[in-house]
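Visitor: My structure file query.pdb, PDB, C-alpha atoms, is below:
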```
MODEL        1
ATOM      1  CA  GLY A 188       1.718 -37.988 -23.815
ATOM      2  CA  GLY A 189       3.131 -34.491 -24.285
ATOM      3  CA  ARG A 190       4.045 -34.150 -20.601
ATOM      4  CA  TYR A 191       7.616 -33.580 -19.535
ATOM      5  CA  GLU A 192       8.593 -33.867 -15.905
ATOM      6  CA  ASN A 193      11.899 -32.802 -14.385
ATOM      7  CA  LEU A 194      12.890 -31.073 -17.628
ATOM      8  CA  TYR A 195      14.347 -27.995 -15.970
ATOM      9  CA  LEU A 196      13.799 -24.639 -17.604
ATOM     10  CA  ASP A 197      16.300 -21.795 -17.523
ATOM     11  CA  ARG A 198      14.951 -19.282 -15.031
ATOM     12  CA  SER A 199      16.022 -16.363 -17.238
ATOM     13  CA  ARG A 200      13.483 -17.507 -19.872
ATOM     14  CA  MET A 201      10.591 -17.036 -17.415
ATOM     15  CA  PRO A 202      11.227 -13.817 -15.432
ATOM     16  CA  VAL A 203       7.524 -13.645 -14.537
ATOM     17  CA  LEU A 204       8.200 -16.572 -12.169
ATOM     18  CA  ASP A 205      10.867 -14.711 -10.159
ATOM     19  CA  PRO A 206       8.508 -13.711  -7.292
ATOM     20  CA  LEU A 207       7.242 -17.289  -6.932
ATOM     21  CA  LEU A 208      10.692 -18.892  -7.165
ATOM     22  CA  ASN A 209      12.206 -16.360  -4.740
ATOM     23  CA  ARG A 210       9.436 -17.081  -2.217
ATOM     24  CA  ALA A 211       9.865 -20.818  -2.734
ATOM     25  CA  LEU A 212      13.634 -20.533  -2.187
ATOM     26  CA  ALA A 213      13.086 -18.502   1.009
ATOM     27  CA  CYS A 214      10.665 -21.131   2.335
ATOM     28  CA  ALA A 215      12.976 -23.983   1.321
ATOM     29  CA  GLY A 216      15.819 -22.273   3.183
ATOM     30  CA  LEU A 217      13.689 -22.080   6.339
ATOM     31  CA  ILE A 218      12.565 -25.701   6.048
ATOM     32  CA  LEU A 219      16.104 -26.966   5.405
ATOM     33  CA  GLY A 220      17.863 -24.583   7.796
ATOM     34  CA  ARG A 221      20.129 -23.346   4.998
ATOM     35  CA  PRO A 222      20.634 -19.916   3.475
ATOM     36  CA  PRO A 223      18.540 -19.673   0.292
ATOM     37  CA  ALA A 224      21.637 -18.331  -1.498
ATOM     38  CA  ASP A 225      23.229 -21.773  -0.964
ATOM     39  CA  LEU A 226      20.407 -23.599  -2.765
ATOM     40  CA  ARG A 227      19.735 -24.245  -6.421
ATOM     41  CA  CYS A 228      16.173 -24.315  -7.647
ATOM     42  CA  GLY A 229      15.172 -26.361 -10.693
ATOM     43  CA  PHE A 230      11.631 -26.177 -12.015
ATOM     44  CA  TRP A 231       9.402 -27.547 -14.745
ATOM     45  CA  PHE A 232       5.780 -27.264 -15.811
ATOM     46  CA  ASN A 233       3.205 -30.042 -15.626
ATOM     47  CA  ALA A 234       0.236 -29.533 -17.934
ATOM     48  CA  MET A 235      -2.151 -32.371 -17.103
ATOM     49  CA  ALA A 236      -4.892 -32.732 -19.685
ATOM     50  CA  PRO A 237      -8.279 -34.248 -18.879
ATOM     51  CA  GLY A 238      -7.939 -38.017 -18.526
ATOM     52  CA  HIS A 239      -4.228 -37.870 -17.652
ATOM     53  CA  ALA A 240      -2.618 -39.081 -14.417
ATOM     54  CA  THR A 241       0.915 -39.373 -13.068
ATOM     55  CA  SER A 242       2.087 -42.716 -11.693
ATOM     56  CA  GLU A 243       3.843 -43.145  -8.364
ATOM     57  CA  HIS A 244       7.371 -41.718  -8.355
ATOM     58  CA  THR A 245       9.912 -39.791  -6.278
ATOM     59  CA  HIS A 246      12.221 -36.862  -7.008
ATOM     60  CA  ASP A 247      15.388 -38.206  -5.373
ATOM     61  CA  GLU A 248      17.328 -39.035  -8.542
ATOM     62  CA  ASN A 249      20.154 -36.587  -7.852
ATOM     63  CA  ASP A 250      21.068 -34.560  -4.784
ATOM     64  CA  GLU A 251      17.667 -32.974  -4.188
ATOM     65  CA  LEU A 252      17.019 -31.908  -0.612
ATOM     66  CA  LEU A 253      13.406 -30.780  -0.947
ATOM     67  CA  SER A 254      10.634 -30.811  -3.552
ATOM     68  CA  ALA A 255       7.579 -28.622  -4.059
ATOM     69  CA  VAL A 256       4.592 -28.118  -6.296
ATOM     70  CA  TYR A 257       2.849 -24.827  -7.064
ATOM     71  CA  TYR A 258      -0.629 -24.984  -8.547
ATOM     72  CA  VAL A 259      -1.188 -22.377 -11.266
ATOM     73  CA  GLU A 260      -4.577 -23.656 -12.497
ATOM     74  CA  ALA A 261      -6.416 -26.424 -10.682
ATOM     75  CA  PRO A 262     -10.010 -26.999 -11.780
ATOM     76  CA  GLN A 263     -12.218 -28.938  -9.389
ATOM     77  CA  ASP A 264     -11.767 -32.716  -9.760
ATOM     78  CA  SER A 265      -8.479 -32.326 -11.664
ATOM     79  CA  GLY A 266      -6.734 -35.043  -9.637
ATOM     80  CA  ASP A 267      -5.525 -35.126  -6.045
ATOM     81  CA  LEU A 268      -1.848 -35.311  -5.176
ATOM     82  CA  VAL A 269      -1.450 -38.594  -3.272
ATOM     83  CA  LEU A 270       1.517 -38.907  -0.899
ATOM     84  CA  PHE A 271       2.543 -42.366   0.343
ATOM     85  CA  ASP A 272       4.212 -42.044   3.738
ATOM     86  CA  GLY A 273       4.755 -45.596   4.952
ATOM     87  CA  PRO A 274       1.351 -46.900   6.066
ATOM     88  CA  LEU A 275      -0.245 -43.462   5.577
ATOM     89  CA  THR A 276      -1.826 -42.240   2.373
ATOM     90  CA  ILE A 277      -2.285 -38.475   2.322
ATOM     91  CA  ARG A 278      -4.485 -36.825  -0.292
ATOM     92  CA  VAL A 279      -4.147 -33.164  -1.191
ATOM     93  CA  ALA A 280      -6.787 -31.550  -3.398
ATOM     94  CA  PRO A 281      -5.007 -29.022  -5.624
ATOM     95  CA  GLU A 282      -6.003 -25.358  -5.473
ATOM     96  CA  ALA A 283      -4.587 -22.529  -7.552
ATOM     97  CA  GLY A 284      -2.047 -20.560  -5.527
ATOM     98  CA  ILE A 285      -1.015 -23.352  -3.134
ATOM     99  CA  LEU A 286       2.719 -24.003  -2.743
ATOM    100  CA  LEU A 287       3.291 -27.408  -1.136
ATOM    101  CA  PHE A 288       6.666 -28.763   0.030
ATOM    102  CA  PHE A 289       7.547 -32.433   0.562
ATOM    103  CA  PRO A 290      10.650 -34.639   0.872
ATOM    104  CA  PRO A 291      12.052 -35.629  -2.541
ATOM    105  CA  ASP A 292      12.170 -39.300  -1.549
ATOM    106  CA  LEU A 293       8.468 -39.378  -0.578
ATOM    107  CA  PRO A 294       6.589 -41.535  -3.105
ATOM    108  CA  HIS A 295       3.670 -39.675  -4.650
ATOM    109  CA  ALA A 296       1.269 -39.791  -7.585
ATOM    110  CA  VAL A 297      -1.415 -37.627  -9.153
ATOM    111  CA  GLU A 298      -4.873 -39.041  -9.710
ATOM    112  CA  THR A 299      -6.650 -38.812 -13.049
ATOM    113  CA  ASN A 300      -7.794 -35.362 -14.099
ATOM    114  CA  ARG A 301     -11.558 -35.888 -14.289
ATOM    115  CA  SER A 302     -12.347 -32.245 -15.008
ATOM    116  CA  GLY A 303     -12.888 -31.050 -18.537
ATOM    117  CA  GLN A 304      -9.964 -28.623 -18.297
ATOM    118  CA  PRO A 305      -6.180 -28.906 -18.035
ATOM    119  CA  ARG A 306      -4.473 -28.572 -14.688
ATOM    120  CA  LEU A 307      -1.231 -26.579 -14.674
ATOM    121  CA  SER A 308       1.369 -26.903 -11.947
ATOM    122  CA  ILE A 309       5.038 -26.107 -11.498
ATOM    123  CA  GLY A 310       7.275 -28.789 -10.009
ATOM    124  CA  ILE A 311      10.317 -27.538  -8.105
ATOM    125  CA  ASN A 312      13.361 -29.330  -6.709
ATOM    126  CA  PHE A 313      15.881 -27.722  -4.373
ATOM    127  CA  GLY A 314      19.421 -28.933  -3.901
ATOM    128  CA  PRO A 315      22.825 -27.654  -2.847
ATOM    129  CA  LEU A 316      24.646 -25.316  -5.195
ATOM    130  CA  PRO A 317      27.729 -26.938  -6.681
ATOM    131  CA  PRO A 318      31.004 -25.774  -5.148
ATOM    132  CA  PRO A 319      32.558 -22.770  -6.953
TER     133      PRO A 319
ENDMDL
END
```
Could the structure of this file be written out as structure tokens, please?
Guide:
Amino acid sequence: GGRYENLYLDRSRMPVLDPLLNRALACAGLILGRPPADLRCGFWFNAMAPGHATSEHTHDENDELLSAVYYVEAPQDSGDLVLFDGPLTIRVAPEAGILLFFPPDLPHAVETNRSGQPRLSIGINFGPLPPP
């Protein structure tokens, strides 16, 4: 459907994202209790067109320690993020400018974009840097 998830982009190709990714790394370091310099940060874009949804999945394929989503554009009714935490179902309505962290092994999905506009978000995974 023209959507590519977990297709990491080279950070040098998007220098405009440096402030966001630096802030995300600093927050991830605090959450994980690790120096941000010891973490790698992989990111990708999610452009969700009207009528699109994302099925339930996790981000724990590799050695990810933490995941996040940053909402760039989030029109009203563009699909809640739904987190499945055991018996709990947590819904988060996306808003532009929100940076949300969650465990990579937490199952989640995105509801159908019922707005007439695309929703743009940036998915981020944090993991340990490989040994030198």
Visitor: Identify which of the residues A:Met201, A:Ile309, A:Val297, A:Leu226 lies closest to Val259 (chain A), counting only C-alpha atoms when measuring atom-to-atom distances.
Guide: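 Smallest distance to Val259 (chain A) is found for A:Ile309.
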Visitor: Hey, what's within 8 Å of region 249-252 of chain A if we count all atoms listed in the file and toss same-chain stuff fewer than 6 positions away? As an MDAnalysis selection string, please?
Guide: chainID A and resid 219 290:291 312:315
Visitor: For Gln263 (chain A), find every residue with an atom within 10 Å (counting only C-alpha atoms), except residues of its own chain fewer than 4 positions away, and show them as a PyMOL selection string.
Guide: chain A and resi 267+280-282+300-304+306
Visitor: Using all atoms listed in the file, which residues sit within 10 Å of region 273-276 of chain A once same-chain residues fewer than 5 positions away are excluded, as a short mmCIF file (atom, residue, chain, number, x, y, z; two decimals) with C-alpha atoms, in the coordinates of the input?
Guide:
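Written file, around.cif:
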```cif
data_model
loop_
_atom_site.label_atom_id
_atom_site.label_comp_id
_atom_site.auth_asym_id
_atom_site.auth_seq_id
_atom_site.Cartn_x
_atom_site.Cartn_y
_atom_site.Cartn_z
CA LEU A 293 8.47 -39.38 -0.58
CA PRO A 294 6.59 -41.54 -3.10
CA HIS A 295 3.67 -39.67 -4.65
#
```
Visitor: Fewer than 2 positions away in the same chain doesn't count, so skip those; otherwise give me all residues within 7 Å of Pro223 (chain A), counting only C-alpha atoms, as a list in words.
Guide: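 Selected residues are Leu212, Ala213, Gly216, Arg221, Asp225 and Leu226 of chain A.
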Visitor: Work out how far apart CA of Ile218 (chain A) and CA of Arg200 (chain A) are and give it in Å to one decimal.
Guide: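 Separation of CA of Ile218 (chain A) and CA of Arg200 (chain A): 27.2 Å.
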Visitor: Nearest to His239 (chain A): which of A:Phe271, A:Glu298, A:Ala261, A:Ser254 is it, counting only C-alpha atoms?
Guide: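 So, comparing all the options, the nearest one is A:Glu298.
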Visitor: Could you tell me which residues the PyMOL selection byres ((chain A and resi 307) around 7) grabs in this file, written as an MDAnalysis selection string?
Guide: chainID A and resid 233:235 258:261 305:306 308
